[in-house]
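What follows is a single structure, written as structure tokens, with notes after it.
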Number of protein chains: 2
Amino acid sequence: MIATYTSSSLKAELNEKGWRLTPQRETILNVFQNLPKGKHLSAEDLYNVLQEEGAGISLSTIYRTLKLMARMGILRELELAEGHKHYELNQPHPYHHHHLICVRCSKTIEFKNDQILKIGSKAAQKDGYYLLDCQLTIHAVCPTCQRSLMPT
Amino acid sequence: MIATYTSSSLKAELNEKGWRLTPQRETILNVFQNLPKGKHLSAEDLYNVLQEEGAGISLSTIYRTLKLMARMGILRELELAEGHKHYELNQPHPYHHHHLICVRCSKTIEFKNDQILKIGSKAAQKDGYYLLDCQLTIHAVCPTCQRSLMPT
DNA sequence: CTGCTTATTGAGAATCGTTGTTGAAAAGAA
DNA sequence: TTCTTTTCAACAACGATTCTCAATAAGCAG
Ligand SMILES: [Mn+2]
Ligand SMILES: [Mn+2]
Ligand SMILES: [Zn+2]
Ligand SMILES: [Zn+2]
């Protein structure tokens, strides 16, 4: 987990594995770096953001880039109970955080806890795994949905 | 989180919300209750198991039941990096556990940690959420895949 | 037990997020 | 530059999940 990527550190990390730095990849990383705290983007969200900014990157490239960056540990891939994945920068302590999700309305709250990352690192290390991301996901029912009479 | 459901405790919990106990729901819960430790089932896995057992339950019903039971907190819905969801019984301490997943080959290891559930409960409680499930998911690269020269 | 109301089922069609395929363009090496 | 390899955009294809709807059967009140 690197705190902030620059063009050249991104290039270095890509080249190390035989990949290339393209304008598209640089642009996409930039969007995530300038994202407000607590904001998560789906592939389609990102596509729309880029359209508005005039940087028309194809959906295919977006999907490929998101997956690539998630596998490199640059982005976190989140399942926020909406039928599609969301992504955000994978930042180290003290920005590292977790998600509390309402399974009914999908409202999501972020929270921090210093122990989690330690527990996760230790678990990965114990079996010789190289840690990419460590997320505590809490599925729950929010106060509003608890009050709602509607079942389901 | 209830340790073991019987026909009647399941019925009670369903009826409380205006739902009904059907033979299909009872059968499906039974499959999970008799599943070997560490085994997870996808919707299609479950469909096949039921076919072999002679209890032909339709895929539609399986999907509906899995979602229902996950929302009730009876089952856990897991994202094990294979493009589809997996399910297992949602059991309390000391059976409650977490998952360490290789993002390349999807190999999954289960591990336990007593603190996690406490941390999760506290986080949910703080915001008035009703806890259903709490899972620490670790994305990593397994030793074998680290050695493999193949990128991606 | 009987009948009524309404949740649930099964079969298949439909949806939609994601992945695969292709020829063209761009990056990196020499 | 020139050659080789990777990446791109566009669109087709895929597959997991959801939806639709007529038929069935829980649950409940009498
Ligand atoms: Mn977040
Ligand atoms: Mn498990
Ligand atoms: Zn809610
Ligand atoms: Zn692996």
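Residues in the structure tokens are named by chain (A, B, ... in the order shown) and by number from 1 within that chain; ligands are numbered from 1 in the order shown.
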Per-residue nearest contacts chain C to chain A, cut-off 12 Å, using only C-alpha atoms (C1' of nucleotides), as a Markdown table:
```
| residue | atom | partner | partner_atom | distance |
| --- | --- | --- | --- | --- |
| C:DC16 | C1' | A:Gly83 | CA | 9.6 |
| C:DG17 | C1' | A:His84 | CA | 6.6 |
| C:DT18 | C1' | A:Tyr63 | CA | 7.8 |
| C:DT19 | C1' | A:Ser60 | CA | 8.7 |
| C:DG20 | C1' | A:Ser60 | CA | 10.3 |
| C:DT21 | C1' | A:Ser60 | CA | 11.9 |
| C:DA26 | C1' | A:Thr22 | CA | 8.9 |
| C:DA27 | C1' | A:Arg20 | CA | 7.1 |
| C:DG28 | C1' | A:Arg20 | CA | 8.6 |
```
**Item:** Shell of 9 Å around ligand 2 (only C-alpha atoms (C1' of nucleotides) and all ligand atoms), written as a ChimeraX atom specification
**Value:** /B:37-40,76,78,87-89,96-99,108-111
**Asked** Please, which residues of chain A, numbered as in this document, come out strand (DSSP E) from DSSP, as a VMD selection string?
**Response** chain A and resid 75 to 79 85 to 89 98 to 102 108 to 111 130 to 141
Could you turn the residues from that selection into a file that holds N, CA and C atoms, as an mmCIF file, in the first residue's frame?
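And here's result_16.cif as it stands now:
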```
data_model
loop_
_atom_site.group_PDB
_atom_site.id
_atom_site.type_symbol
_atom_site.label_atom_id
_atom_site.label_comp_id
_atom_site.auth_asym_id
_atom_site.auth_seq_id
_atom_site.Cartn_x
_atom_site.Cartn_y
_atom_site.Cartn_z
ATOM 1 N N LEU A 75 -6.009 -0.203 -5.942
ATOM 2 C CA LEU A 75 -7.416 0.073 -5.627
ATOM 3 C C LEU A 75 -7.988 -1.066 -4.783
ATOM 4 N N ARG A 76 -9.014 -0.721 -4.033
ATOM 5 C CA ARG A 76 -9.769 -1.743 -3.313
ATOM 6 C C ARG A 76 -11.051 -2.014 -4.075
ATOM 7 N N GLU A 77 -11.394 -3.289 -4.138
ATOM 8 C CA GLU A 77 -12.630 -3.689 -4.798
ATOM 9 C C GLU A 77 -13.652 -3.982 -3.711
ATOM 10 N N LEU A 78 -14.726 -3.226 -3.681
ATOM 11 C CA LEU A 78 -15.712 -3.367 -2.612
ATOM 12 C C LEU A 78 -17.035 -3.924 -3.120
ATOM 13 N N GLU A 79 -17.626 -4.790 -2.310
ATOM 14 C CA GLU A 79 -18.969 -5.294 -2.603
ATOM 15 C C GLU A 79 -19.928 -4.571 -1.685
ATOM 16 N N LYS A 85 -19.670 -3.912 -8.369
ATOM 17 C CA LYS A 85 -18.534 -3.574 -7.522
ATOM 18 C C LYS A 85 -18.294 -2.068 -7.448
ATOM 19 N N HIS A 86 -17.686 -1.659 -6.352
ATOM 20 C CA HIS A 86 -17.243 -0.273 -6.208
ATOM 21 C C HIS A 86 -15.755 -0.261 -5.930
ATOM 22 N N TYR A 87 -15.134 0.840 -6.295
ATOM 23 C CA TYR A 87 -13.691 0.944 -6.103
ATOM 24 C C TYR A 87 -13.333 2.234 -5.381
ATOM 25 N N GLU A 88 -12.235 2.162 -4.640
ATOM 26 C CA GLU A 88 -11.682 3.344 -3.998
ATOM 27 C C GLU A 88 -10.187 3.121 -3.857
ATOM 28 N N LEU A 89 -9.430 4.195 -3.602
ATOM 29 C CA LEU A 89 -7.991 4.067 -3.396
ATOM 30 C C LEU A 89 -7.719 3.152 -2.211
ATOM 31 N N HIS A 98 -13.130 0.678 6.998
ATOM 32 C CA HIS A 98 -14.003 -0.452 6.726
ATOM 33 C C HIS A 98 -15.434 0.012 6.508
ATOM 34 N N HIS A 99 -16.320 -0.931 6.187
ATOM 35 C CA HIS A 99 -17.670 -0.543 5.776
ATOM 36 C C HIS A 99 -18.777 -1.286 6.508
ATOM 37 N N LEU A 100 -19.761 -0.506 6.906
ATOM 38 C CA LEU A 100 -20.963 -1.002 7.564
ATOM 39 C C LEU A 100 -22.118 -0.747 6.606
ATOM 40 N N ILE A 101 -22.744 -1.830 6.122
ATOM 41 C CA ILE A 101 -23.708 -1.708 5.026
ATOM 42 C C ILE A 101 -25.097 -2.183 5.426
ATOM 43 N N CYS A 102 -26.103 -1.400 5.104
ATOM 44 C CA CYS A 102 -27.481 -1.843 5.300
ATOM 45 C C CYS A 102 -27.874 -2.741 4.130
ATOM 46 N N THR A 108 -24.282 3.066 3.362
ATOM 47 C CA THR A 108 -22.979 2.591 3.812
ATOM 48 C C THR A 108 -22.268 3.615 4.688
ATOM 49 N N ILE A 109 -21.751 3.140 5.797
ATOM 50 C CA ILE A 109 -21.004 3.985 6.709
ATOM 51 C C ILE A 109 -19.577 3.471 6.790
ATOM 52 N N GLU A 110 -18.625 4.389 6.788
ATOM 53 C CA GLU A 110 -17.233 3.978 6.932
ATOM 54 C C GLU A 110 -16.812 4.110 8.385
ATOM 55 N N PHE A 111 -15.946 3.226 8.809
ATOM 56 C CA PHE A 111 -15.414 3.354 10.163
ATOM 57 C C PHE A 111 -13.983 2.831 10.191
ATOM 58 N N TYR A 130 0.820 -12.849 0.211
ATOM 59 C CA TYR A 130 1.207 -11.460 0.052
ATOM 60 C C TYR A 130 -0.059 -10.596 0.118
ATOM 61 N N LEU A 131 -0.150 -9.789 1.151
ATOM 62 C CA LEU A 131 -1.374 -9.021 1.409
ATOM 63 C C LEU A 131 -1.617 -7.914 0.387
ATOM 64 N N LEU A 132 -2.848 -7.868 -0.127
ATOM 65 C CA LEU A 132 -3.229 -6.777 -1.011
ATOM 66 C C LEU A 132 -4.205 -5.849 -0.307
ATOM 67 N N ASP A 133 -5.245 -6.435 0.260
ATOM 68 C CA ASP A 133 -6.249 -5.613 0.930
ATOM 69 C C ASP A 133 -6.915 -6.435 2.015
ATOM 70 N N CYS A 134 -7.459 -5.727 2.957
ATOM 71 C CA CYS A 134 -7.993 -6.359 4.157
ATOM 72 C C CYS A 134 -9.217 -5.543 4.558
ATOM 73 N N GLN A 135 -10.419 -6.093 4.361
ATOM 74 C CA GLN A 135 -11.616 -5.305 4.630
ATOM 75 C C GLN A 135 -12.611 -6.026 5.516
ATOM 76 N N LEU A 136 -13.004 -5.335 6.550
ATOM 77 C CA LEU A 136 -14.051 -5.849 7.417
ATOM 78 C C LEU A 136 -15.380 -5.329 6.870
ATOM 79 N N THR A 137 -16.238 -6.240 6.482
ATOM 80 C CA THR A 137 -17.528 -5.841 5.910
ATOM 81 C C THR A 137 -18.634 -6.280 6.856
ATOM 82 N N ILE A 138 -19.410 -5.313 7.302
ATOM 83 C CA ILE A 138 -20.483 -5.625 8.231
ATOM 84 C C ILE A 138 -21.818 -5.478 7.538
ATOM 85 N N HIS A 139 -22.554 -6.573 7.468
ATOM 86 C CA HIS A 139 -23.896 -6.534 6.896
ATOM 87 C C HIS A 139 -24.879 -6.356 8.037
ATOM 88 N N ALA A 140 -25.769 -5.404 7.890
ATOM 89 C CA ALA A 140 -26.674 -5.070 8.984
ATOM 90 C C ALA A 140 -27.918 -4.372 8.443
ATOM 91 N N VAL A 141 -28.812 -4.015 9.361
ATOM 92 C CA VAL A 141 -30.010 -3.274 8.969
ATOM 93 C C VAL A 141 -29.967 -1.923 9.668
#
```
**Prompt:** atom CA of Glu82 of chain A and atom CA of Ser42 of chain A are how many Å apart?
**Reply:** 10.1 Å
**Message:** Which residues are near ligand 3 - at most 6 Å, using only C-alpha atoms (C1' of nucleotides) and all ligand atoms? Format: as a ChimeraX atom specification.
**Reply:** /A:102,104-105,107,141-142,144-145
Could you give me, as CSV, every chain D residue with an atom at most 12 Å from chain A, plus its closest atom pair and distance in Å to one decimal, counting only C-alpha atoms (C1' of nucleotides), rows ordered by chain then number?
```
residue,atom,partner,partner_atom,distance
D:DT5,C1',A:Gly18,CA,10.2
D:DT6,C1',A:Trp19,CA,7.6
D:DT7,C1',A:Thr22,CA,8.2
D:DC8,C1',A:Thr61,CA,7.4
D:DA9,C1',A:Ser58,CA,6.2
D:DA10,C1',A:Ser58,CA,8.4
D:DC11,C1',A:Ser60,CA,10.2
D:DA16,C1',A:Gly83,CA,10.7
D:DT17,C1',A:Gly83,CA,9.1
D:DT18,C1',A:Gly83,CA,10.9
```
**Asked** For chain A, which residue among B:Tyr95, B:Leu66, B:Met72, B:Ser106 is the nearest when counting only C-alpha atoms?
**Response**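 Going through B:Tyr95, B:Leu66, B:Met72, B:Ser106 one by one, the smallest distance to chain A is for B:Met72.
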**Prompt:** Just how far from atom CA of Ile119 of chain A is atom CA of Leu35 of chain A, in Å to one decimal?
**Reply:**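 Between atom CA of Leu35 of chain A and atom CA of Ile119 of chain A the gap is 28.0 Å.
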**Message:** If DSSP is run on the backbone, what residues of chain A are alpha helix (DSSP H)? A reply as an MDAnalysis selection string would be ideal.
**Reply:** chainID A and resid 7:16 23:33 43:52 59:72 114:126 143:147
**Message:** Taking 6 positions as the minimum chain separation for residues in the same chain, which residues sit within 12 Å of Gly54 of chain A when counting only C-alpha atoms (C1' of nucleotides)? Answer as a list in words.
**Reply:**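 Returned residues: Thr27, Tyr47 and Asn48 of chain A.
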Any chance you could export the current selection's all heavy atoms as a PDB file, in the first residue's frame?
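For reference, result.pdb as written:
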```
ATOM      1  N   THR A  27      -4.934   8.684 -16.100  1.00  0.00           N
ATOM      2  CA  THR A  27      -6.152   9.470 -15.888  1.00  0.00           C
ATOM      3  C   THR A  27      -7.055   8.822 -14.838  1.00  0.00           C
ATOM      4  O   THR A  27      -7.589   9.493 -13.951  1.00  0.00           O
ATOM      5  CB  THR A  27      -6.941   9.584 -17.210  1.00  0.00           C
ATOM      6  OG1 THR A  27      -6.092  10.178 -18.197  1.00  0.00           O
ATOM      7  CG2 THR A  27      -8.182  10.434 -17.028  1.00  0.00           C
ATOM      8  N   TYR A  47     -16.942   5.765 -15.652  1.00  0.00           N
ATOM      9  CA  TYR A  47     -17.165   6.058 -17.077  1.00  0.00           C
ATOM     10  C   TYR A  47     -17.851   7.414 -17.239  1.00  0.00           C
ATOM     11  O   TYR A  47     -17.432   8.243 -18.038  1.00  0.00           O
ATOM     12  CB  TYR A  47     -18.021   4.954 -17.691  1.00  0.00           C
ATOM     13  CG  TYR A  47     -18.337   5.159 -19.152  1.00  0.00           C
ATOM     14  CD1 TYR A  47     -17.385   4.931 -20.128  1.00  0.00           C
ATOM     15  CD2 TYR A  47     -19.613   5.580 -19.555  1.00  0.00           C
ATOM     16  CE1 TYR A  47     -17.666   5.110 -21.467  1.00  0.00           C
ATOM     17  CE2 TYR A  47     -19.912   5.760 -20.897  1.00  0.00           C
ATOM     18  CZ  TYR A  47     -18.931   5.521 -21.847  1.00  0.00           C
ATOM     19  OH  TYR A  47     -19.230   5.704 -23.177  1.00  0.00           O
ATOM     20  N   ASN A  48     -18.864   7.650 -16.441  1.00  0.00           N
ATOM     21  CA  ASN A  48     -19.594   8.920 -16.524  1.00  0.00           C
ATOM     22  C   ASN A  48     -18.738  10.112 -16.109  1.00  0.00           C
ATOM     23  O   ASN A  48     -18.749  11.154 -16.769  1.00  0.00           O
ATOM     24  CB  ASN A  48     -20.855   8.854 -15.675  1.00  0.00           C
ATOM     25  CG  ASN A  48     -21.861   7.872 -16.242  1.00  0.00           C
ATOM     26  OD1 ASN A  48     -21.929   7.664 -17.459  1.00  0.00           O
ATOM     27  ND2 ASN A  48     -22.632   7.235 -15.370  1.00  0.00           N
TER      28      ASN A  48
END
```
**Option closest in space to ligand 4, from B:Gly120, B:Ala81, B:Leu50, B:Ile62 [counting only C-alpha atoms and all ligand atoms]** =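 Going through B:Gly120, B:Ala81, B:Leu50, B:Ile62 one by one, the smallest distance to ligand 4 is for B:Ala81.
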